[in-house]
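Chemist: Below you'll find input.cif; it's mmCIF, C-alpha atoms.
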```
data_protein
loop_
_atom_site.group_PDB
_atom_site.id
_atom_site.type_symbol
_atom_site.label_atom_id
_atom_site.label_comp_id
_atom_site.auth_asym_id
_atom_site.auth_seq_id
_atom_site.Cartn_x
_atom_site.Cartn_y
_atom_site.Cartn_z
ATOM 1 C CA MET A 1 22.119 -5.655 -18.146
ATOM 2 C CA ARG A 2 19.821 -3.975 -20.631
ATOM 3 C CA ARG A 3 18.000 -2.081 -17.920
ATOM 4 C CA VAL A 4 21.284 -0.720 -16.557
ATOM 5 C CA LEU A 5 22.337 0.587 -19.996
ATOM 6 C CA VAL A 6 19.013 2.372 -20.473
ATOM 7 C CA LEU A 7 19.359 3.948 -17.048
ATOM 8 C CA LEU A 8 22.893 5.115 -17.782
ATOM 9 C CA VAL A 9 21.881 6.653 -21.134
ATOM 10 C CA THR A 10 18.890 8.416 -19.602
ATOM 11 C CA THR A 11 21.043 9.835 -16.806
ATOM 12 C CA ALA A 12 23.637 11.078 -19.297
ATOM 13 C CA LEU A 13 21.010 12.857 -21.409
ATOM 14 C CA ALA A 14 19.575 14.548 -18.327
ATOM 15 C CA ALA A 15 23.012 15.776 -17.291
ATOM 16 C CA ALA A 16 23.669 17.147 -20.784
ATOM 17 C CA SER A 17 20.344 18.959 -20.677
ATOM 18 C CA LEU A 18 21.192 20.592 -17.376
ATOM 19 C CA ALA A 19 24.592 21.694 -18.687
ATOM 20 C CA ALA A 20 23.242 23.252 -21.952
ATOM 21 C CA PRO A 21 23.926 27.019 -22.325
ATOM 22 C CA PRO A 22 20.974 29.421 -22.017
ATOM 23 C CA THR A 23 19.183 30.503 -25.209
ATOM 24 C CA ALA A 24 20.747 33.663 -26.764
ATOM 25 C CA ALA A 25 18.802 36.912 -26.388
ATOM 26 C CA ALA A 26 16.870 38.128 -29.430
ATOM 27 C CA ALA A 27 18.712 40.625 -31.660
ATOM 28 C CA GLU A 28 17.935 44.282 -31.046
ATOM 29 C CA PRO A 29 15.503 45.620 -33.691
ATOM 30 C CA ASP A 30 16.815 48.035 -36.318
ATOM 31 C CA VAL A 31 13.780 50.318 -35.996
ATOM 32 C CA THR A 32 11.202 50.886 -33.259
ATOM 33 C CA GLN A 33 7.938 52.726 -33.943
ATOM 34 C CA LEU A 34 7.369 55.117 -31.027
ATOM 35 C CA CYS A 35 4.061 56.686 -32.092
ATOM 36 C CA THR A 36 1.874 56.940 -35.199
ATOM 37 C CA GLY A 37 -0.501 59.717 -36.245
ATOM 38 C CA PHE A 38 -0.854 63.358 -35.269
ATOM 39 C CA ALA A 39 -3.079 62.606 -32.271
ATOM 40 C CA ALA A 40 -0.800 59.989 -30.732
ATOM 41 C CA CYS A 41 2.398 61.902 -31.496
ATOM 42 C CA GLY A 42 1.036 65.285 -30.451
ATOM 43 C CA THR A 43 1.580 64.572 -26.758
ATOM 44 C CA ASP A 44 4.767 64.497 -24.666
ATOM 45 C CA PRO A 45 7.458 63.389 -25.124
ATOM 46 C CA TYR A 46 6.864 63.678 -28.847
ATOM 47 C CA GLY A 47 5.235 66.499 -30.868
ATOM 48 C CA THR A 48 4.204 67.576 -34.364
ATOM 49 C CA ALA A 49 5.907 71.018 -34.552
ATOM 50 C CA GLY A 50 2.585 72.380 -35.832
ATOM 51 C CA TYR A 51 2.678 70.232 -38.953
ATOM 52 C CA ASP A 52 -0.731 68.724 -38.176
ATOM 53 C CA ALA A 53 -2.262 72.116 -39.009
ATOM 54 C CA ALA A 54 -0.043 72.738 -42.062
ATOM 55 C CA PHE A 55 0.542 69.383 -43.777
ATOM 56 C CA MET A 56 -1.882 70.223 -46.600
ATOM 57 C CA THR A 57 0.225 73.305 -47.463
ATOM 58 C CA SER A 58 3.246 72.874 -49.730
ATOM 59 C CA SER A 59 6.720 73.767 -48.454
ATOM 60 C CA TRP A 60 9.616 74.121 -50.920
ATOM 61 C CA HIS A 61 6.996 73.380 -53.620
ATOM 62 C CA GLN A 62 6.871 69.751 -52.445
ATOM 63 C CA ASP A 63 3.632 67.799 -52.795
ATOM 64 C CA ALA A 64 1.275 68.763 -49.989
ATOM 65 C CA GLY A 65 -0.200 66.091 -47.748
ATOM 66 C CA HIS A 66 1.442 63.069 -46.192
ATOM 67 C CA ASN A 67 4.951 62.720 -47.574
ATOM 68 C CA CYS A 68 8.454 62.907 -46.155
ATOM 69 C CA THR A 69 9.877 65.759 -48.253
ATOM 70 C CA ASN A 70 7.048 68.187 -47.520
ATOM 71 C CA TYR A 71 7.366 67.545 -43.784
ATOM 72 C CA VAL A 72 11.135 68.053 -43.671
ATOM 73 C CA ALA A 73 10.882 71.136 -45.909
ATOM 74 C CA TYR A 74 8.281 72.504 -43.469
ATOM 75 C CA ARG A 75 10.628 71.946 -40.525
ATOM 76 C CA LEU A 76 13.524 73.609 -42.375
ATOM 77 C CA THR A 77 11.445 76.727 -43.088
ATOM 78 C CA HIS A 78 9.522 77.165 -39.819
ATOM 79 C CA GLY A 79 11.539 78.360 -36.867
ATOM 80 C CA ARG A 80 14.617 78.457 -39.081
ATOM 81 C CA ARG A 81 15.448 79.778 -42.552
ATOM 82 C CA THR A 82 16.878 77.374 -45.132
ATOM 83 C CA ALA A 83 17.132 77.919 -48.875
ATOM 84 C CA ARG A 84 16.067 75.005 -51.046
ATOM 85 C CA PRO A 85 19.156 73.635 -52.819
ATOM 86 C CA PRO A 86 18.828 73.510 -56.614
ATOM 87 C CA GLY A 87 18.088 70.003 -57.821
ATOM 88 C CA THR A 88 16.114 69.010 -54.687
ATOM 89 C CA ARG A 89 13.276 66.805 -55.915
ATOM 90 C CA SER A 90 12.375 63.353 -54.542
ATOM 91 C CA ALA A 91 14.082 62.393 -51.285
ATOM 92 C CA SER A 92 16.758 60.339 -53.067
ATOM 93 C CA THR A 93 18.145 63.567 -54.638
ATOM 94 C CA TRP A 94 18.484 65.505 -51.384
ATOM 95 C CA ARG A 95 21.981 64.453 -50.329
ATOM 96 C CA ASP A 96 23.726 65.323 -53.594
ATOM 97 C CA ALA A 97 21.730 68.540 -54.085
ATOM 98 C CA ALA A 98 22.471 69.679 -50.535
ATOM 99 C CA LYS A 99 26.166 68.832 -50.855
ATOM 100 C CA ALA A 100 26.424 70.835 -54.093
ATOM 101 C CA ALA A 101 24.852 73.800 -52.293
ATOM 102 C CA GLY A 102 27.392 73.683 -49.457
ATOM 103 C CA ALA A 103 25.557 71.627 -46.823
ATOM 104 C CA THR A 104 27.515 69.333 -44.494
ATOM 105 C CA ILE A 105 27.021 65.619 -45.192
ATOM 106 C CA ILE A 106 27.658 63.287 -42.245
ATOM 107 C CA ALA A 107 28.462 59.688 -43.188
ATOM 108 C CA VAL A 108 27.361 56.699 -41.095
ATOM 109 C CA LYS A 109 30.945 56.129 -39.919
ATOM 110 C CA ASP A 110 30.839 59.643 -38.399
ATOM 111 C CA ARG A 111 27.427 59.178 -36.748
ATOM 112 C CA ALA A 112 28.754 60.479 -33.405
ATOM 113 C CA LYS A 113 28.722 63.957 -35.021
ATOM 114 C CA VAL A 114 24.960 63.849 -35.679
ATOM 115 C CA ARG A 115 22.825 66.245 -33.627
ATOM 116 C CA LYS A 116 19.223 67.283 -33.232
ATOM 117 C CA GLY A 117 17.987 69.309 -36.208
ATOM 118 C CA ASP A 118 19.971 67.379 -38.816
ATOM 119 C CA VAL A 119 18.118 65.591 -41.604
ATOM 120 C CA ALA A 120 18.351 61.785 -41.748
ATOM 121 C CA TRP A 121 18.627 60.600 -45.356
ATOM 122 C CA TRP A 122 18.083 57.298 -47.149
ATOM 123 C CA GLY A 123 18.702 56.738 -50.862
ATOM 124 C CA LYS A 124 16.999 54.162 -53.025
ATOM 125 C CA GLY A 125 16.746 50.750 -51.386
ATOM 126 C CA ALA A 126 14.597 47.993 -49.981
ATOM 127 C CA PHE A 127 13.616 50.092 -46.968
ATOM 128 C CA THR A 128 12.773 53.267 -48.895
ATOM 129 C CA GLY A 129 11.787 52.089 -52.372
ATOM 130 C CA THR A 130 12.812 54.063 -55.465
ATOM 131 C CA THR A 131 12.219 57.566 -54.113
ATOM 132 C CA GLY A 132 14.342 57.507 -50.939
ATOM 133 C CA HIS A 133 13.331 59.011 -47.611
ATOM 134 C CA VAL A 134 14.136 61.953 -45.317
ATOM 135 C CA ALA A 135 13.315 62.589 -41.659
ATOM 136 C CA MET A 136 14.111 65.107 -38.917
ATOM 137 C CA VAL A 137 16.560 64.051 -36.209
ATOM 138 C CA GLU A 138 14.972 64.660 -32.792
ATOM 139 C CA LYS A 139 17.380 62.881 -30.435
ATOM 140 C CA VAL A 140 20.813 61.237 -30.591
ATOM 141 C CA GLU A 141 22.024 58.707 -27.996
ATOM 142 C CA GLU A 142 25.014 56.441 -27.442
ATOM 143 C CA SER A 143 27.277 58.373 -29.835
ATOM 144 C CA GLY A 144 24.823 58.027 -32.691
ATOM 145 C CA ARG A 145 24.035 54.347 -32.276
ATOM 146 C CA LEU A 146 20.449 55.303 -31.404
ATOM 147 C CA VAL A 147 18.800 58.057 -33.465
ATOM 148 C CA THR A 148 15.199 59.155 -32.924
ATOM 149 C CA VAL A 149 13.467 60.861 -35.846
ATOM 150 C CA SER A 150 10.080 62.316 -36.720
ATOM 151 C CA ASP A 151 8.840 61.829 -40.265
ATOM 152 C CA ASP A 152 5.848 61.639 -42.565
ATOM 153 C CA ASN A 153 5.258 59.061 -45.263
ATOM 154 C CA ALA A 154 3.561 59.078 -48.659
ATOM 155 C CA GLY A 155 0.625 56.719 -48.487
ATOM 156 C CA GLY A 156 1.216 56.431 -44.737
ATOM 157 C CA ASP A 157 1.157 58.674 -41.706
ATOM 158 C CA PHE A 158 3.165 60.960 -39.461
ATOM 159 C CA GLY A 159 5.195 59.318 -36.714
ATOM 160 C CA TRP A 160 8.258 59.082 -34.516
ATOM 161 C CA ARG A 161 10.751 56.200 -34.827
ATOM 162 C CA ARG A 162 14.024 55.163 -33.246
ATOM 163 C CA PHE A 163 16.705 53.649 -35.469
ATOM 164 C CA THR A 164 19.457 51.481 -34.052
ATOM 165 C CA PHE A 165 22.810 51.036 -35.742
ATOM 166 C CA THR A 166 23.406 47.281 -35.655
ATOM 167 C CA GLY A 167 26.076 46.881 -38.320
ATOM 168 C CA ARG A 168 24.016 44.304 -40.188
ATOM 169 C CA SER A 169 24.180 44.553 -43.964
ATOM 170 C CA ASP A 170 20.389 44.826 -44.236
ATOM 171 C CA MET A 171 20.044 47.506 -41.570
ATOM 172 C CA THR A 172 17.486 50.284 -41.921
ATOM 173 C CA TYR A 173 19.655 52.884 -40.179
ATOM 174 C CA PRO A 174 19.961 56.163 -42.185
ATOM 175 C CA GLN A 175 22.560 56.113 -44.947
ATOM 176 C CA ALA A 176 23.724 59.679 -44.241
ATOM 177 C CA PHE A 177 22.761 62.875 -42.429
ATOM 178 C CA ILE A 178 22.438 66.377 -43.888
ATOM 179 C CA ARG A 179 23.197 69.570 -41.976
ATOM 180 C CA PHE A 180 21.871 72.477 -44.022
ATOM 181 C CA LYS A 181 23.517 75.881 -43.907
ATOM 182 C CA PRO A 182 21.453 78.649 -42.315
ATOM 183 C CA SER A 183 20.346 81.284 -44.833
ATOM 184 C CA ASP A 184 20.490 85.060 -44.587
ATOM 185 C CA GLY A 185 17.337 85.212 -46.726
ATOM 186 C CA SER A 186 19.062 85.646 -50.078
ATOM 187 C CA PRO A 187 17.736 83.614 -53.029
ATOM 188 C CA LEU A 188 19.649 80.487 -53.955
ATOM 189 C CA GLY A 189 19.735 79.083 -57.462
ATOM 190 C CA ARG A 190 21.562 77.591 -60.403
ATOM 191 C CA LEU A 191 21.820 78.565 -64.055
ATOM 192 C CA THR A 192 21.669 75.379 -66.117
ATOM 193 C CA SER A 193 21.877 76.609 -69.702
ATOM 194 C CA VAL A 194 21.269 79.474 -72.111
ATOM 195 C CA SER A 195 20.723 78.706 -75.785
ATOM 196 C CA SER A 196 19.112 79.926 -78.982
ATOM 197 C CA PRO A 197 17.285 76.795 -80.182
ATOM 198 C CA THR A 198 15.551 78.431 -83.150
ATOM 199 C CA LYS A 199 15.663 81.714 -85.031
ATOM 200 C CA ASP A 200 14.649 84.743 -82.936
ATOM 201 C CA THR A 201 14.524 82.796 -79.649
ATOM 202 C CA LEU A 202 16.535 82.733 -76.430
ATOM 203 C CA GLN A 203 15.991 79.891 -73.935
ATOM 204 C CA ILE A 204 17.070 80.236 -70.278
ATOM 205 C CA ARG A 205 16.980 77.219 -67.952
ATOM 206 C CA GLY A 206 17.727 76.914 -64.244
ATOM 207 C CA SER A 207 16.253 76.711 -60.775
ATOM 208 C CA GLY A 208 16.108 78.683 -57.554
ATOM 209 C CA SER A 209 14.223 79.625 -54.413
ATOM 210 C CA ASP A 210 13.768 82.524 -52.020
ATOM 211 C CA PRO A 211 13.985 81.090 -48.475
ATOM 212 C CA ASP A 212 11.695 83.646 -46.859
ATOM 213 C CA SER A 213 9.106 83.851 -49.651
ATOM 214 C CA TYR A 214 8.103 80.222 -50.204
ATOM 215 C CA GLY A 215 4.969 79.661 -52.225
ATOM 216 C CA GLU A 216 5.554 82.800 -54.285
ATOM 217 C CA GLN A 217 7.006 83.050 -57.764
ATOM 218 C CA LEU A 218 10.671 83.853 -58.297
ATOM 219 C CA THR A 219 11.773 86.929 -60.157
ATOM 220 C CA VAL A 220 14.492 86.099 -62.691
ATOM 221 C CA VAL A 221 16.340 88.923 -64.429
ATOM 222 C CA ALA A 222 18.424 88.304 -67.551
ATOM 223 C CA THR A 223 20.547 90.986 -69.176
ATOM 224 C CA ILE A 224 22.164 90.841 -72.607
ATOM 225 C CA ASP A 225 25.430 92.597 -73.539
ATOM 226 C CA GLY A 226 26.261 93.645 -69.991
ATOM 227 C CA ARG A 227 25.717 93.077 -66.310
ATOM 228 C CA ARG A 228 22.620 94.308 -64.548
ATOM 229 C CA THR A 229 24.316 97.587 -63.558
ATOM 230 C CA ALA A 230 25.694 98.320 -67.029
ATOM 231 C CA ARG A 231 24.256 101.297 -68.889
ATOM 232 C CA LYS A 232 23.802 99.792 -72.335
ATOM 233 C CA ARG A 233 22.153 96.405 -72.032
ATOM 234 C CA THR A 234 18.836 94.738 -72.730
ATOM 235 C CA GLN A 235 16.955 93.380 -69.716
ATOM 236 C CA ILE A 236 14.364 90.595 -69.580
ATOM 237 C CA THR A 237 12.362 89.792 -66.430
ATOM 238 C CA PHE A 238 10.154 86.730 -65.912
ATOM 239 C CA ARG A 239 8.531 85.025 -62.910
ATOM 240 C CA PRO A 240 8.600 81.217 -62.696
ATOM 241 C CA LEU A 241 8.372 78.852 -59.727
ATOM 242 C CA ASP A 242 11.498 77.070 -58.473
ATOM 243 C CA GLN A 243 12.305 75.478 -61.863
ATOM 244 C CA PHE A 244 12.467 77.749 -64.902
ATOM 245 C CA ASP A 245 12.655 77.064 -68.606
ATOM 246 C CA PHE A 246 11.870 80.364 -70.271
ATOM 247 C CA LEU A 247 11.711 81.037 -74.006
ATOM 248 C CA VAL A 248 12.179 84.653 -75.118
ATOM 249 C CA LEU A 249 11.215 85.924 -78.565
ATOM 250 C CA THR A 250 14.250 88.035 -79.340
ATOM 251 C CA ARG A 251 12.616 89.783 -82.285
ATOM 252 C CA SER A 252 9.874 91.244 -80.080
ATOM 253 C CA SER A 253 12.509 92.164 -77.470
ATOM 254 C CA ARG A 254 14.580 93.873 -80.202
ATOM 255 C CA ILE A 255 17.692 91.823 -79.428
ATOM 256 C CA PRO A 256 19.989 91.697 -82.465
ATOM 257 C CA ALA A 257 21.374 88.385 -83.715
ATOM 258 C CA GLY A 258 25.002 87.412 -83.177
ATOM 259 C CA ARG A 259 27.200 86.302 -80.274
ATOM 260 C CA ARG A 260 25.982 87.769 -76.989
ATOM 261 C CA TRP A 261 26.787 87.435 -73.283
ATOM 262 C CA VAL A 262 23.671 86.642 -71.250
ATOM 263 C CA TYR A 263 23.801 87.358 -67.484
ATOM 264 C CA VAL A 264 21.204 85.800 -65.172
ATOM 265 C CA TYR A 265 20.154 86.925 -61.661
ATOM 266 C CA LEU A 266 17.577 86.065 -59.031
ATOM 267 C CA LYS A 267 15.840 89.075 -57.515
ATOM 268 C CA ASN A 268 15.082 88.940 -53.800
ATOM 269 C CA THR A 269 11.468 89.515 -52.788
ATOM 270 C CA PRO A 270 11.213 93.183 -51.739
ATOM 271 C CA GLY A 271 10.923 93.680 -47.983
ATOM 272 C CA THR A 272 12.590 90.357 -47.104
ATOM 273 C CA ALA A 273 16.064 89.677 -45.721
ATOM 274 C CA GLY A 274 19.136 89.061 -47.843
ATOM 275 C CA ALA A 275 20.895 90.550 -50.844
ATOM 276 C CA PRO A 276 18.630 92.352 -53.327
ATOM 277 C CA TYR A 277 20.045 90.369 -56.285
ATOM 278 C CA VAL A 278 21.962 87.100 -56.540
ATOM 279 C CA TYR A 279 24.094 86.517 -59.614
ATOM 280 C CA LEU A 280 23.707 82.987 -61.055
ATOM 281 C CA GLY A 281 26.211 83.248 -63.886
ATOM 282 C CA ARG A 282 26.629 84.102 -67.545
ATOM 283 C CA LYS A 283 26.648 82.207 -70.817
ATOM 284 C CA LYS A 284 27.866 83.246 -74.255
ATOM 285 C CA VAL A 285 25.257 82.461 -76.863
ATOM 286 C CA ARG A 286 25.041 82.857 -80.609
ATOM 287 C CA LEU A 287 21.572 84.325 -81.126
ATOM 288 C CA ARG A 288 20.070 83.168 -84.403
#
```
Could you render the structure as C-alpha cells?
Modeler:
Amino acid sequence: MRRVLVLLVTTALAAASLAAPPTAAAAEPDVTQLCTGFAACGTDPYGTAGYDAAFMTSSWHQDAGHNCTNYVAYRLTHGRRTARPPGTRSASTWRDAAKAAGATIIAVKDRAKVRKGDVAWWGKGAFTGTTGHVAMVEKVEESGRLVTVSDDNAGGDFGWRRFTFTGRSDMTYPQAFIRFKPSDGSPLGRLTSVSSPTKDTLQIRGSGSDPDSYGEQLTVVATIDGRRTARKRTQITFRPLDQFDFLVLTRSSRIPAGRRWVYVYLKNTPGTAGAPYVYLGRKKVRLR
C-alpha cells in the first residue's frame, strides 16, 4: 500500500508541473543605451551634430566640456536661433525659466505631442541628482511611449539613449518636454531690481542674452528721468555677460538725488538680426 501512495503522489506532482503557466516575460527596461562616446555615436543612424568639435566651447555661457546644458544650448543655437531665457542655470531651472519666457511645456500626460527638436527635461531626483538633466529629442515612437534622445553628461560622456514610458513610479522617463520659441535675433532679458543701496550709488540687477551674439558681452543701457528717446535724460551704458549687477556712482555721473524713474534696455549687437533695442522695464528709485 505504501508503494502505491508514493506512486500516486509522484504522478500528481508531475501533472502539476506540466500544467504550470509559463514564466512571465521580463519587464521592458525604462532606458536603453544606444551608443556612448563621439566615435561610436558619430556613425549612422546616430550623429553628434558637430558637437564633438565644439564641446570645449561654451554655449549660452554654460560650462564648456562634457555636460548636458552646454550640449543642449549648442543644439539650440546651431542650425536654429534661440534666446536664452532669463534664469536658465543648472538643468533643474530650465523648465520654469523657459515657461516664464513663453516656451511651450509639454507634460508627460501629453507625451503624444512631443516631436523631434524638443528638449527632454528632468528635475531633481534619483535619476538626475540635484542638478537635473536636459537632452535633445531625436525620435518619437508609439505616441511618445518611446523617446530617443542625444545628450552629454557631466563627469560622463556623450551618447544616445531610448527612454520607455512604463508607468512605474520609479521610471526614468523625462518629467516634461520644452519647446522653445524661435527667435528673430532680438535680445531677451529681465530687469530684476533697481536700488540705491548707499549714498551716491545706483544698483541695477538683471539678466539677458543676444541669441545671435553668444560669447560676447551684452550692452545694457539705463536712462534716468526719461525713456531712451527722450531729450532730457541721463544715460548710462555698461557691458556685462548674461547676468548683470552693476553699481553706478551717481556723483561722478552727475545724477541728482531724489526720486527718479530708471529705464533699462538691452542693445542688440550691431549688424545682427532683431530689434535694435529691447525695453526691459522701469523702476522708481529714491537716489540717496
Chemist: Extract, using all atoms listed in the file, all DNA, RNA and protein residues at most 8 Å from Asp184 (chain A), discarding same-chain residues fewer than 5 positions from it, and format them as a list in words.
Modeler: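 After dropping sequence-adjacent residues, the list is Arg81, Ala273 and Gly274 of chain A.
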Chemist: With distances taken over all atoms listed in the file, which residue among A:Thr201, A:Ser213, A:Thr192, A:Thr69 lies nearest Phe244 (chain A)?
Modeler: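 Nearest to Phe244 (chain A): A:Thr192.
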Chemist: Go through A:Gly159, A:Pro86, A:Gly144, A:Gly102 one by one, measure the shortest atom-to-atom distance of each to Asp210 (chain A) using only C-alpha atoms, and give the residue with the smallest value.
Modeler: A:Pro86
Chemist: Quick check, in Å to one decimal: how far apart do CA of Asp157 (chain A) and CA of Pro174 (chain A) lie?
Modeler: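 Going from CA of Asp157 (chain A) over to CA of Pro174 (chain A) covers 19.0 Å.
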Chemist: Could you put an axis-aligned box around every listed atom of region 60-68 of chain A, padded by 5 Å on each side, and send me its centre and edge lengths in Å to one decimal, as JSON?
Modeler:
```
{"center_x": 4.7, "center_y": 68.4, "center_z": -49.9, "size_x": 19.8, "size_y": 21.4, "size_z": 17.5}
```
Chemist: Enumerate, as JSON, numbers by chain, the residues matched when the PyMOL selection byres ((chain A and resi 250) around 9) is run on the file above.
Modeler: {"A": [199, 200, 201, 202, 248, 249, 251, 252, 253, 254, 255, 256, 257, 287]}
Chemist: If you count only C-alpha atoms, which residues fall within 8 Å of region 27-42 of chain A, apart from same-chain ones fewer than 2 positions away, as a VMD selection string?
Modeler: chain A and resid 25 44 46 to 48 52 157 to 166 171 to 173
Chemist: Spell out the residues picked by the PyMOL selection byres ((chain A and resi 222-239) around 6) here, as a list in words.
Modeler: Gln217, Leu218, Thr219, Val220, Val221, Pro240, Arg260, Trp261, Val262, Tyr263 and Val264 of chain A
Chemist: I need the residue nearest Thr77 (chain A) from this list: A:Asp96, A:Asp242, A:Asp212, A:Glu142. Use only C-alpha atoms for the distance.
Modeler: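 Using only C-alpha atoms, Thr77 (chain A) sits closest to A:Asp212.
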Chemist: Applied to the shown file, which residues does the PyMOL selection byres ((chain A and resi 207) around 10) return, written as an NGL selection string?
Modeler: :A and (84-88 or 188-192 or 205-206 or 208-209 or 218 or 220 or 240-245 or 266 or 280)
Chemist: Any idea what the distance is between CA of Ala49 (chain A) and CA of Ala101 (chain A)?
Modeler: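 CA of Ala101 (chain A) lies 26.1 Å from CA of Ala49 (chain A).
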Chemist: For Ala54 (chain A), work out the shell of residues within 9 Å, counting all atoms listed in the file and skipping chain neighbours fewer than 5 positions away, then give it as a PyMOL selection string.
Modeler: chain A and resi 64-65+74
Chemist: Which distance in Å separates CA of Ala154 (chain A) and CA of Ser59 (chain A), to one decimal?
Modeler: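 Taking CA of Ala154 (chain A) as the start and CA of Ser59 (chain A) as the end point, the length is 15.0 Å.
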